[in-house]
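Q: start_35.pdb is the file, holding PDB, C-alpha atoms and all ligand atoms:
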ATOM      1  CA  MET A 126       0.000   0.000   0.000
ATOM      2  CA  GLU A 127       1.016   3.572  -0.558
ATOM      3  CA  MET A 128      -0.013   6.324   1.847
ATOM      4  CA  ARG A 129      -0.625   9.846   0.647
ATOM      5  CA  LEU A 130       0.330  12.682   3.002
ATOM      6  CA  GLU A 131      -1.629  15.846   2.359
ATOM      7  CA  LYS A 132      -0.058  19.231   3.130
ATOM      8  CA  VAL A 133      -1.828  20.949   6.033
ATOM      9  CA  SER A 134       0.629  23.834   6.616
ATOM     10  CA  ASP A 135       4.300  24.627   5.825
ATOM     11  CA  SER A 136       5.654  21.889   8.121
ATOM     12  CA  VAL A 137       2.645  19.669   8.763
ATOM     13  CA  TYR A 138       1.298  16.834   6.605
ATOM     14  CA  ALA A 139      -1.449  14.349   7.400
ATOM     15  CA  ASN A 140      -3.440  11.413   6.117
ATOM     16  CA  MET A 141      -7.126  11.729   6.972
ATOM     17  CA  GLU A 142      -8.574   9.095   4.644
ATOM     18  CA  GLY A 143      -9.526   6.834   7.552
ATOM     19  CA  LYS A 144      -9.401   3.622   5.533
ATOM     20  CA  THR A 145      -6.542   1.979   7.390
ATOM     21  CA  GLY A 146      -6.930   3.325  10.932
ATOM     22  CA  GLY A 147      -7.120   6.646  12.742
ATOM     23  CA  ASN A 148      -5.729   9.815  11.168
ATOM     24  CA  VAL A 149      -1.947  10.197  11.228
ATOM     25  CA  GLY A 150       0.348  13.109  10.535
ATOM     26  CA  VAL A 151       3.860  14.431  10.677
ATOM     27  CA  ILE A 152       5.644  17.641  11.638
ATOM     28  CA  LEU A 153       8.886  18.280   9.760
ATOM     29  CA  LEU A 154      11.512  19.815  12.030
ATOM     30  CA  LYS A 155      15.024  20.841  10.963
ATOM     31  CA  TYR A 156      16.602  17.835  12.658
ATOM     32  CA  GLY A 157      13.990  15.259  11.717
ATOM     33  CA  ALA A 158      10.357  14.309  11.473
ATOM     34  CA  VAL A 159       7.889  13.943  14.349
ATOM     35  CA  ALA A 160       5.101  11.462  13.605
ATOM     36  CA  VAL A 161       1.704  11.638  15.297
ATOM     37  CA  ASP A 162      -0.053   8.279  15.820
ATOM     38  CA  ALA A 163       0.707   5.106  13.889
ATOM     39  CA  GLN A 164      -2.413   3.146  12.801
ATOM     40  CA  TYR A 165      -1.608  -0.588  12.368
ATOM     41  CA  PRO A 166       1.672  -2.355  11.496
ATOM     42  CA  GLY A 167       0.770  -2.734   7.787
ATOM     43  CA  SER A 168      -0.301   0.863   7.234
ATOM     44  CA  ALA A 169       2.412   2.226   9.583
ATOM     45  CA  LYS A 170       5.021   0.876   7.168
ATOM     46  CA  ALA A 171       3.402   2.848   4.347
ATOM     47  CA  PHE A 172       3.103   5.889   6.644
ATOM     48  CA  ARG A 173       6.804   5.790   7.470
ATOM     49  CA  GLU A 174       7.744   5.412   3.810
ATOM     50  CA  ALA A 175       5.567   8.417   2.981
ATOM     51  CA  ILE A 176       7.333  10.484   5.676
ATOM     52  CA  GLU A 177      10.716   9.413   4.328
ATOM     53  CA  GLY A 178       9.567  10.563   0.908
ATOM     54  CA  LEU A 179       9.106  14.079   2.346
ATOM     55  CA  THR A 180      12.403  14.396   4.204
ATOM     56  CA  ASP A 181      15.795  12.700   4.237
ATOM     57  CA  ARG A 182      16.414  13.690   7.867
ATOM     58  CA  GLY A 183      14.720  10.614   9.302
ATOM     59  CA  VAL A 184      12.017  10.197  11.932
ATOM     60  CA  THR A 185      13.047  11.039  15.493
ATOM     61  CA  HIS A 186       9.770  10.832  17.437
ATOM     62  CA  LEU A 187       6.388   9.160  17.431
ATOM     63  CA  LEU A 188       3.769  10.929  19.559
ATOM     64  CA  LEU A 189       0.775   8.819  20.625
ATOM     65  CA  THR A 190      -2.465  10.725  21.287
ATOM     66  CA  HIS A 191      -4.105   7.771  23.122
ATOM     67  CA  TYR A 192      -3.870   4.009  23.571
ATOM     68  CA  HIS A 193      -6.549   2.716  21.136
ATOM     69  CA  GLY A 194      -5.276   0.091  18.685
ATOM     70  CA  ASP A 195      -6.145   2.039  15.529
ATOM     71  CA  HIS A 196      -3.657   4.696  16.724
ATOM     72  CA  VAL A 197      -0.889   2.736  18.518
ATOM     73  CA  PHE A 198      -0.651  -0.739  16.962
ATOM     74  CA  GLY A 199       1.726   0.532  14.285
ATOM     75  CA  SER A 200       4.272   1.738  16.894
ATOM     76  CA  GLN A 201       6.612  -1.199  16.167
ATOM     77  CA  VAL A 202       7.479   0.454  12.847
ATOM     78  CA  PHE A 203       8.886   3.413  14.861
ATOM     79  CA  GLU A 204      10.802   1.346  17.422
ATOM     80  CA  ASP A 205      14.060   3.148  16.632
ATOM     81  CA  CYS A 206      12.438   6.496  17.567
ATOM     82  CA  GLU A 207      11.545   8.069  20.889
ATOM     83  CA  ILE A 208       7.904   7.037  21.416
ATOM     84  CA  VAL A 209       6.053   9.551  23.572
ATOM     85  CA  GLY A 210       2.744   9.198  25.375
ATOM     86  CA  HIS A 211       1.104  10.357  28.565
ATOM     87  CA  ARG A 212       1.936   8.360  31.731
ATOM     88  CA  LEU A 213      -1.666   7.091  31.884
ATOM     89  CA  LEU A 214      -1.453   5.906  28.257
ATOM     90  CA  ARG A 215       1.616   3.832  29.097
ATOM     91  CA  GLU A 216       0.021   2.489  32.299
ATOM     92  CA  ARG A 217      -3.104   1.499  30.371
ATOM     93  CA  MET A 218      -1.017  -0.288  27.721
ATOM     94  CA  GLU A 219       0.981  -2.102  30.425
ATOM     95  CA  HIS A 220      -2.279  -3.181  32.055
ATOM     96  CA  LEU A 221      -3.679  -4.463  28.747
ATOM     97  CA  LEU A 222      -0.516  -6.498  28.131
ATOM     98  CA  GLY A 223      -1.684  -8.631  31.064
ATOM     99  CA  GLU A 224      -5.306  -8.705  29.860
ATOM    100  CA  ASP A 225      -6.775  -8.188  26.362
ATOM    101  CA  TRP A 226      -3.313  -7.875  24.829
ATOM    102  CA  ALA A 227      -1.750 -10.837  26.671
ATOM    103  CA  PRO A 228      -0.230 -13.293  24.144
ATOM    104  CA  GLY A 229      -3.199 -15.724  23.843
ATOM    105  CA  ASN A 230      -5.860 -13.019  24.025
ATOM    106  CA  LEU A 231      -4.201 -10.782  21.446
ATOM    107  CA  GLU A 232      -4.096 -13.728  19.028
ATOM    108  CA  LYS A 233      -7.801 -14.381  19.641
ATOM    109  CA  MET A 234      -8.650 -10.736  19.065
ATOM    110  CA  LEU A 235      -6.682 -10.705  15.807
ATOM    111  CA  GLU A 236      -8.351 -13.939  14.685
ATOM    112  CA  ASN A 237     -11.777 -12.327  15.276
ATOM    113  CA  LEU A 238     -10.751  -9.256  13.301
ATOM    114  CA  ARG A 239      -9.444 -11.447  10.486
ATOM    115  CA  GLN A 240     -12.703 -13.369  10.287
ATOM    116  CA  ARG A 241     -14.851 -10.257  10.436
ATOM    117  CA  SER A 242     -12.925  -8.487   7.690
ATOM    118  CA  PRO A 243     -10.378 -10.726   5.950
ATOM    119  CA  GLU A 244      -9.548  -7.936   3.498
ATOM    120  CA  ARG A 245      -8.018  -5.999   6.421
ATOM    121  CA  ALA A 246      -5.915  -8.889   7.798
ATOM    122  CA  TRP A 247      -2.729  -7.474   6.221
ATOM    123  CA  LEU A 248      -3.015  -4.468   8.544
ATOM    124  CA  TYR A 249      -2.423  -6.554  11.707
ATOM    125  CA  GLU A 250       0.128  -9.002  10.252
ATOM    126  CA  GLY A 251       3.049  -9.458  12.676
ATOM    127  CA  LEU A 252       1.580  -7.156  15.339
ATOM    128  CA  ARG A 253       3.778  -6.674  18.392
ATOM    129  CA  ILE A 254       2.820  -4.270  21.170
ATOM    130  CA  VAL A 255       5.478  -1.588  21.658
ATOM    131  CA  LEU A 256       5.280   0.726  24.680
ATOM    132  CA  PRO A 257       6.189   4.428  24.825
ATOM    133  CA  THR A 258       9.827   5.023  25.704
ATOM    134  CA  LYS A 259       9.032   8.405  27.236
ATOM    135  CA  THR A 260       6.075   9.591  29.307
ATOM    136  CA  PHE A 261       5.048  12.995  30.605
ATOM    137  CA  GLU A 262       2.504  14.557  32.957
ATOM    138  CA  GLU A 263       1.206  17.891  31.639
ATOM    139  CA  ARG A 264       3.223  18.868  28.604
ATOM    140  CA  PHE A 265       5.945  17.480  26.376
ATOM    141  CA  ILE A 266       7.643  20.059  24.173
ATOM    142  CA  LEU A 267       9.908  19.685  21.146
ATOM    143  CA  GLY A 268      11.218  22.335  18.787
ATOM    144  CA  ASP A 269      13.940  23.373  16.371
ATOM    145  CA  GLY A 270      14.001  27.100  17.153
ATOM    146  CA  GLU A 271      11.447  27.883  14.450
ATOM    147  CA  ILE A 272       8.713  25.327  14.936
ATOM    148  CA  THR A 273       7.403  24.161  18.304
ATOM    149  CA  VAL A 274       5.560  20.902  18.897
ATOM    150  CA  GLU A 275       3.606  20.938  22.120
ATOM    151  CA  MET A 276       1.953  17.765  23.386
ATOM    152  CA  ILE A 277      -0.665  18.656  25.984
ATOM    153  CA  HIS A 278      -2.472  16.188  28.243
ATOM    154  CA  THR A 279      -6.254  16.683  28.245
ATOM    155  CA  GLY A 280      -7.930  13.375  29.123
ATOM    156  CA  GLY A 281     -11.511  13.148  27.883
ATOM    157  CA  HIS A 282     -11.702  10.483  25.172
ATOM    158  CA  THR A 283      -9.413   8.331  27.368
ATOM    159  CA  ALA A 284      -7.664   9.205  30.638
ATOM    160  CA  GLY A 285      -4.295   9.388  28.870
ATOM    161  CA  SER A 286      -5.443  11.408  25.831
ATOM    162  CA  SER A 287      -3.308  14.289  24.562
ATOM    163  CA  ILE A 288      -3.457  16.865  21.792
ATOM    164  CA  VAL A 289      -0.494  18.069  19.702
ATOM    165  CA  TYR A 290      -0.184  21.786  18.977
ATOM    166  CA  ILE A 291       2.064  23.582  16.487
ATOM    167  CA  PRO A 292       1.538  27.245  17.505
ATOM    168  CA  GLU A 293       3.662  28.879  14.769
ATOM    169  CA  GLU A 294       1.476  27.259  12.099
ATOM    170  CA  ARG A 295      -1.788  27.394  14.070
ATOM    171  CA  VAL A 296      -2.300  23.665  13.568
ATOM    172  CA  LEU A 297      -3.667  21.190  16.087
ATOM    173  CA  PHE A 298      -3.865  17.395  16.157
ATOM    174  CA  ALA A 299      -6.941  16.744  18.303
ATOM    175  CA  GLY A 300      -6.612  12.937  18.452
ATOM    176  CA  ASP A 301      -9.929  11.243  19.165
ATOM    177  CA  LEU A 302     -11.275  14.211  21.113
ATOM    178  CA  LEU A 303     -12.598  15.093  17.689
ATOM    179  CA  PHE A 304     -14.483  12.657  15.451
ATOM    180  CA  ALA A 305     -15.184  15.101  12.649
ATOM    181  CA  LYS A 306     -18.566  14.791  10.916
ATOM    182  CA  THR A 307     -19.567  11.685  12.874
ATOM    183  CA  PHE A 308     -20.780  10.602  16.314
ATOM    184  CA  PRO A 309     -17.758  10.094  18.599
ATOM    185  CA  TRP A 310     -16.740   6.868  20.341
ATOM    186  CA  ALA A 311     -17.191   8.010  23.940
ATOM    187  CA  GLY A 312     -17.617   4.674  25.700
ATOM    188  CA  ASP A 313     -14.032   3.929  26.727
ATOM    189  CA  GLU A 314     -14.080   2.975  30.406
ATOM    190  CA  SER A 315     -11.711   5.848  31.212
ATOM    191  CA  ALA A 316     -13.599   8.407  29.087
ATOM    192  CA  ASP A 317     -14.469  11.526  31.091
ATOM    193  CA  PRO A 318     -17.101  13.680  29.347
ATOM    194  CA  ASP A 319     -16.551  16.591  31.769
ATOM    195  CA  LYS A 320     -12.823  16.678  30.934
ATOM    196  CA  TRP A 321     -13.732  16.224  27.265
ATOM    197  CA  ILE A 322     -15.893  19.373  27.433
ATOM    198  CA  GLU A 323     -13.064  21.228  29.216
ATOM    199  CA  ALA A 324     -10.670  20.174  26.448
ATOM    200  CA  PHE A 325     -13.062  21.490  23.784
ATOM    201  CA  GLU A 326     -13.290  24.771  25.703
ATOM    202  CA  MET A 327      -9.509  24.970  25.890
ATOM    203  CA  ILE A 328      -9.184  24.378  22.141
ATOM    204  CA  MET A 329     -11.762  27.128  21.492
ATOM    205  CA  GLU A 330      -9.442  29.540  23.374
ATOM    206  CA  MET A 331      -6.324  28.480  21.439
ATOM    207  CA  ASP A 332      -4.938  30.246  18.390
ATOM    208  CA  VAL A 333      -5.769  27.476  15.918
ATOM    209  CA  GLU A 334      -6.814  27.577  12.289
ATOM    210  CA  ARG A 335      -6.588  23.957  11.122
ATOM    211  CA  ILE A 336      -7.480  20.909  13.164
ATOM    212  CA  ILE A 337      -6.539  17.347  12.255
ATOM    213  CA  PRO A 338      -9.166  15.210  13.971
ATOM    214  CA  GLY A 339      -8.576  11.627  15.157
ATOM    215  CA  HIS A 340     -11.125  10.530  12.564
ATOM    216  CA  GLY A 341     -12.767  12.419   9.716
ATOM    217  CA  PRO A 342     -11.693  15.241   7.403
ATOM    218  CA  LEU A 343      -9.556  18.310   8.114
ATOM    219  CA  SER A 344     -11.535  20.568  10.453
ATOM    220  CA  ASP A 345     -11.504  23.861  12.274
ATOM    221  CA  LYS A 346     -12.912  25.420  15.434
ATOM    222  CA  ALA A 347     -16.438  25.487  14.001
ATOM    223  CA  GLU A 348     -16.434  21.675  14.128
ATOM    224  CA  VAL A 349     -15.141  21.705  17.723
ATOM    225  CA  GLU A 350     -17.841  24.225  18.653
ATOM    226  CA  LYS A 351     -20.463  21.911  17.172
ATOM    227  CA  HIS A 352     -19.268  18.958  19.276
ATOM    228  CA  LEU A 353     -18.918  21.170  22.347
ATOM    229  CA  SER A 354     -22.519  22.362  22.208
ATOM    230  CA  PHE A 355     -23.782  18.813  21.623
ATOM    231  CA  PHE A 356     -21.791  17.445  24.585
ATOM    232  CA  LYS A 357     -23.043  20.257  26.827
ATOM    233  CA  ALA A 358     -26.666  19.769  25.774
ATOM    234  CA  VAL A 359     -26.469  15.992  26.374
ATOM    235  CA  ARG A 360     -24.854  16.586  29.776
ATOM    236  CA  GLU A 361     -27.624  18.914  30.851
ATOM    237  CA  GLU A 362     -30.386  16.660  29.571
ATOM    238  CA  MET A 363     -28.903  13.451  30.934
ATOM    239  CA  LYS A 364     -28.226  14.918  34.363
ATOM    240  CA  ARG A 365     -31.866  15.986  34.474
ATOM    241  CA  LEU A 366     -32.995  12.455  33.508
ATOM    242  CA  ILE A 367     -30.766  10.921  36.183
ATOM    243  CA  GLU A 368     -32.152  13.399  38.731
ATOM    244  CA  GLU A 369     -35.669  12.323  37.768
ATOM    245  CA  GLY A 370     -34.748   8.656  38.270
ATOM    246  CA  ALA A 371     -34.602   7.495  34.639
ATOM    247  CA  THR A 372     -32.972   4.088  34.077
ATOM    248  CA  MET A 373     -29.924   3.724  31.867
ATOM    249  CA  GLU A 374     -31.950   2.270  29.003
ATOM    250  CA  GLU A 375     -34.507   5.070  29.282
ATOM    251  CA  ALA A 376     -31.697   7.586  29.100
ATOM    252  CA  VAL A 377     -30.249   5.810  26.036
ATOM    253  CA  LYS A 378     -33.606   5.636  24.219
ATOM    254  CA  HIS A 379     -34.530   9.216  25.186
ATOM    255  CA  ASP A 380     -35.306  11.359  22.136
ATOM    256  CA  GLY A 381     -34.788  14.771  23.705
ATOM    257  CA  TYR A 382     -31.082  15.166  22.830
ATOM    258  CA  PRO A 383     -30.341  17.678  20.098
ATOM    259  CA  PRO A 384     -29.840  16.276  16.587
ATOM    260  CA  PHE A 385     -26.237  15.350  15.834
ATOM    261  CA  TYR A 386     -24.186  13.275  13.398
ATOM    262  CA  GLU A 387     -25.156   9.676  12.912
ATOM    263  CA  ALA A 388     -22.849   7.079  14.449
ATOM    264  CA  LYS A 389     -20.890   4.550  12.374
ATOM    265  CA  THR A 390     -22.989   1.870  14.129
ATOM    266  CA  PRO A 391     -26.008   2.268  16.464
ATOM    267  CA  GLU A 392     -23.976   0.483  19.202
ATOM    268  CA  ARG A 393     -21.362   3.210  19.116
ATOM    269  CA  ARG A 394     -23.939   5.839  20.027
ATOM    270  CA  GLU A 395     -25.731   3.644  22.571
ATOM    271  CA  ASN A 396     -22.569   2.520  24.360
ATOM    272  CA  SER A 397     -21.330   6.097  24.478
ATOM    273  CA  LEU A 398     -24.622   7.226  26.031
ATOM    274  CA  ARG A 399     -24.503   4.296  28.518
ATOM    275  CA  HIS A 400     -21.038   5.336  29.592
ATOM    276  CA  TRP A 401     -22.142   8.936  30.091
ATOM    277  CA  TYR A 402     -25.140   7.757  32.128
ATOM    278  CA  ARG A 403     -22.878   5.690  34.417
ATOM    279  CA  PHE A 404     -20.397   8.547  34.633
ATOM    280  CA  TRP A 405     -22.893  11.203  35.681
ATOM    281  CA  SER A 406     -24.847   8.805  37.928
ATOM    282  CA  ARG A 407     -21.670   8.228  39.956
ATOM    283  CA  LYS A 408     -21.039  11.970  40.086
ATOM    284  CA  LYS A 409     -24.515  12.892  41.334
TER     285      LYS A 409
HETATM  286 ZN    ZN B   1      -9.872   6.349  20.144
END
Mind converting the file's structure to structure tokens?
A:
Amino acid sequence: MEMRLEKVSDSVYANMEGKTGGNVGVILLKYGAVAVDAQYPGSAKAFREAIEGLTDRGVTHLLLTHYHGDHVFGSQVFEDCEIVGHRLLRERMEHLLGEDWAPGNLEKMLENLRQRSPERAWLYEGLRIVLPTKTFEERFILGDGEITVEMIHTGGHTAGSSIVYIPEERVLFAGDLLFAKTFPWAGDESADPDKWIEAFEMIMEMDVERIIPGHGPLSDKAEVEKHLSFFKAVREEMKRLIEEGATMEEAVKHDGYPPFYEAKTPERRENSLRHWYRFWSRKK
């Protein structure tokens, strides 16, 4: 496979086709390239080749926005680089290595994926879980004197989620905080919709023109604003339902939420709403 990297700004390129995993991108610094997210082993190889077609200075870093497989499973292709993720991302990956990603279980998961969509089997071929080599708490900053790359922890989509900001070019990688033009996956057990809303509010205050979402096409603040108002409206409505004693299934079936994008599958929307119900029930 060949991966096309589309120019987003002077130093930033991205692939937002979404056919082989989450969106990925790269920031070209004077001393080398900084990759953001890695998809799966098969597509990560094509991603790396595409980066090396843009620069002969090599890849120095891979930044991981969160631990989900469609963003981190390709990390093995960047094993010679510094791999950076939030401390909670690394802890979550370490935990999964003893659970869903333990040798037998990982094989089973891959077998299921292969059977469900054999045409995508090449993506997972030879998968090995590779952990971040560097973690951080609030911010991780790189730069070459002209271009700064700021990785900022936000939480929200997952506890260890981060965004990547290039202030000089007013570009932001939002990771899976932003599912552009579609209903988000918000049912991760560590997803925190309050922090997610705070992250949207922070992005709205930032000097940003172009936003590379975790999934979906190139976006801007108008798209973030749209998600922000939907999240806030659902929070208000769901808290009211919980206050009135609605059950989880009543809250999921409720038709009083504002209209929003359709989800890739009905389960994605329902499981996201179930998670929010549990989250705000605990918080009551
Ligand atoms: Zn995700």
Q: Write out, as CSV, each residue of chain A that has an atom at most 7 Å from ligand ZN 1 (chain B), together with the closest pair of atoms and their distance in Å to one decimal, counting all atoms listed in the file, rows going by chain and rising number.
A:
residue,atom,partner,partner_atom,distance
A:His191,CA,B:ZN1,ZN,6.6
A:His193,CA,B:ZN1,ZN,5.0
A:His282,CA,B:ZN1,ZN,6.8
A:Asp301,CA,B:ZN1,ZN,5.0
A:Trp310,CA,B:ZN1,ZN,6.9
Q: Please return as number ranges by chain every residue within 6 Å of (6.7, 27.7, 12.3), taking into account all atoms listed in the file and the file's own coordinates.
A: A: 271-272, 293-294
Q: Run the PyMOL selection byres (((chain A and resi 278) around 12) and not hetatm) on the file and write out the hits as a compact mmCIF listing (two decimals) with C-alpha atoms, in the coordinates of the input.
A:
# COMPACT_ATOMS: atom_id res chain seq x y z
CA LEU A 188 3.77 10.93 19.56
CA LEU A 189 0.78 8.82 20.62
CA THR A 190 -2.46 10.72 21.29
CA HIS A 191 -4.11 7.77 23.12
CA VAL A 209 6.05 9.55 23.57
CA GLY A 210 2.74 9.20 25.38
CA HIS A 211 1.10 10.36 28.56
CA ARG A 212 1.94 8.36 31.73
CA LEU A 213 -1.67 7.09 31.88
CA LEU A 214 -1.45 5.91 28.26
CA THR A 260 6.08 9.59 29.31
CA PHE A 261 5.05 13.00 30.60
CA GLU A 262 2.50 14.56 32.96
CA GLU A 263 1.21 17.89 31.64
CA ARG A 264 3.22 18.87 28.60
CA PHE A 265 5.94 17.48 26.38
CA ILE A 266 7.64 20.06 24.17
CA GLU A 275 3.61 20.94 22.12
CA MET A 276 1.95 17.76 23.39
CA ILE A 277 -0.66 18.66 25.98
CA THR A 279 -6.25 16.68 28.24
CA GLY A 280 -7.93 13.38 29.12
CA GLY A 281 -11.51 13.15 27.88
CA HIS A 282 -11.70 10.48 25.17
CA THR A 283 -9.41 8.33 27.37
CA ALA A 284 -7.66 9.20 30.64
CA GLY A 285 -4.30 9.39 28.87
CA SER A 286 -5.44 11.41 25.83
CA SER A 287 -3.31 14.29 24.56
CA ILE A 288 -3.46 16.86 21.79
CA VAL A 289 -0.49 18.07 19.70
CA TYR A 290 -0.18 21.79 18.98
CA ALA A 299 -6.94 16.74 18.30
CA GLY A 300 -6.61 12.94 18.45
CA LEU A 302 -11.28 14.21 21.11
CA LYS A 320 -12.82 16.68 30.93
CA TRP A 321 -13.73 16.22 27.26
CA GLU A 323 -13.06 21.23 29.22
CA ALA A 324 -10.67 20.17 26.45
CA MET A 327 -9.51 24.97 25.89
Q: Do you know which residues are at most 12 Å from Phe308 in chain A counting all atoms listed in the file, after dropping those on the same chain fewer than 2 positions away, and could you put them as an mmCIF file with C-alpha atoms, in the coordinates of the input?
A:
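For reference, around38.cif as written:
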data_model
loop_
_atom_site.group_PDB
_atom_site.id
_atom_site.type_symbol
_atom_site.label_atom_id
_atom_site.label_comp_id
_atom_site.auth_asym_id
_atom_site.auth_seq_id
_atom_site.Cartn_x
_atom_site.Cartn_y
_atom_site.Cartn_z
ATOM 1 C CA ASP A 301 -9.929 11.243 19.165
ATOM 2 C CA LEU A 302 -11.275 14.211 21.113
ATOM 3 C CA LEU A 303 -12.598 15.093 17.689
ATOM 4 C CA PHE A 304 -14.483 12.657 15.451
ATOM 5 C CA ALA A 305 -15.184 15.101 12.649
ATOM 6 C CA LYS A 306 -18.566 14.791 10.916
ATOM 7 C CA TRP A 310 -16.740 6.868 20.341
ATOM 8 C CA ALA A 311 -17.191 8.010 23.940
ATOM 9 C CA GLY A 312 -17.617 4.674 25.700
ATOM 10 C CA HIS A 340 -11.125 10.530 12.564
ATOM 11 C CA GLY A 341 -12.767 12.419 9.716
ATOM 12 C CA LYS A 351 -20.463 21.911 17.172
ATOM 13 C CA HIS A 352 -19.268 18.958 19.276
ATOM 14 C CA PHE A 355 -23.782 18.813 21.623
ATOM 15 C CA PHE A 356 -21.791 17.445 24.585
ATOM 16 C CA PRO A 384 -29.840 16.276 16.587
ATOM 17 C CA PHE A 385 -26.237 15.350 15.834
ATOM 18 C CA TYR A 386 -24.186 13.275 13.398
ATOM 19 C CA GLU A 387 -25.156 9.676 12.912
ATOM 20 C CA ALA A 388 -22.849 7.079 14.449
ATOM 21 C CA LYS A 389 -20.890 4.550 12.374
ATOM 22 C CA THR A 390 -22.989 1.870 14.129
ATOM 23 C CA PRO A 391 -26.008 2.268 16.464
ATOM 24 C CA GLU A 392 -23.976 0.483 19.202
ATOM 25 C CA ARG A 393 -21.362 3.210 19.116
ATOM 26 C CA ARG A 394 -23.939 5.839 20.027
ATOM 27 C CA GLU A 395 -25.731 3.644 22.571
ATOM 28 C CA ASN A 396 -22.569 2.520 24.360
ATOM 29 C CA SER A 397 -21.330 6.097 24.478
ATOM 30 C CA LEU A 398 -24.622 7.226 26.031
#
Q: So which residues get picked by the PyMOL selection byres (((chain A and resi 181) around 12) and not hetatm) here, written as an MDAnalysis selection string?
A: chainID A and resid 153:158 173:180 182:185
Q: Mind pulling up the distance from CA of Thr258 in chain A to CA of Ile337 in chain A?
A: 24.5 Å
Q: Write out as a Markdown table the residues of range 128-147 of chain A that have any atom within 10 Å of an atom of range 241-252 of chain A, one row each with the nearest atom pair and its distance in Å to one decimal, counting all atoms listed in the file, sorted by chain and then rising number.
A:
| residue | atom | partner | partner_atom | distance |
| --- | --- | --- | --- | --- |
| A:Lys144 | CA | A:Arg245 | CA | 9.8 |
| A:Thr145 | CA | A:Leu248 | CA | 7.4 |
| A:Gly146 | CA | A:Leu248 | CA | 9.0 |
Q: Evaluate the PyMOL selection byres (((chain A and resi 361) around 12) and not hetatm) here and jot the selected residues down as a list of chain:residue names.
A: A:Pro318, A:Asp319, A:Ser354, A:Phe355, A:Phe356, A:Lys357, A:Ala358, A:Val359, A:Arg360, A:Glu362, A:Met363, A:Lys364, A:Arg365, A:Leu366, A:Ile367, A:Glu368, A:Gly381, A:Tyr382, A:Pro383, A:Trp401, A:Tyr402, A:Trp405
Q: Now that the selection is made, can you save its residues with C-alpha atoms as an mmCIF file, in the coordinates of the input?
A:
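Everything below was put into out08.cif:
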data_model
loop_
_atom_site.group_PDB
_atom_site.id
_atom_site.type_symbol
_atom_site.label_atom_id
_atom_site.label_comp_id
_atom_site.auth_asym_id
_atom_site.auth_seq_id
_atom_site.Cartn_x
_atom_site.Cartn_y
_atom_site.Cartn_z
ATOM 1 C CA PRO A 318 -17.101 13.680 29.347
ATOM 2 C CA ASP A 319 -16.551 16.591 31.769
ATOM 3 C CA SER A 354 -22.519 22.362 22.208
ATOM 4 C CA PHE A 355 -23.782 18.813 21.623
ATOM 5 C CA PHE A 356 -21.791 17.445 24.585
ATOM 6 C CA LYS A 357 -23.043 20.257 26.827
ATOM 7 C CA ALA A 358 -26.666 19.769 25.774
ATOM 8 C CA VAL A 359 -26.469 15.992 26.374
ATOM 9 C CA ARG A 360 -24.854 16.586 29.776
ATOM 10 C CA GLU A 362 -30.386 16.660 29.571
ATOM 11 C CA MET A 363 -28.903 13.451 30.934
ATOM 12 C CA LYS A 364 -28.226 14.918 34.363
ATOM 13 C CA ARG A 365 -31.866 15.986 34.474
ATOM 14 C CA LEU A 366 -32.995 12.455 33.508
ATOM 15 C CA ILE A 367 -30.766 10.921 36.183
ATOM 16 C CA GLU A 368 -32.152 13.399 38.731
ATOM 17 C CA GLY A 381 -34.788 14.771 23.705
ATOM 18 C CA TYR A 382 -31.082 15.166 22.830
ATOM 19 C CA PRO A 383 -30.341 17.678 20.098
ATOM 20 C CA TRP A 401 -22.142 8.936 30.091
ATOM 21 C CA TYR A 402 -25.140 7.757 32.128
ATOM 22 C CA TRP A 405 -22.893 11.203 35.681
#
Q: For CA of Val377 in chain A and CA of Ile322 in chain A, determine how far apart the two atoms are, in Å to one decimal place.
A: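 Atom-to-atom, CA of Val377 in chain A and CA of Ile322 in chain A are spaced 19.8 Å apart.
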Q: Show which residues sit within 12 Å of Phe172 in chain A, as a VMD selection string. Count only C-alpha atoms, and ignore same-chain residues fewer than 4 positions away.
A: chain A and resid 126 to 131 138 to 141 145 to 151 160 to 168 176 to 179 184 187 199 to 200 202 to 203
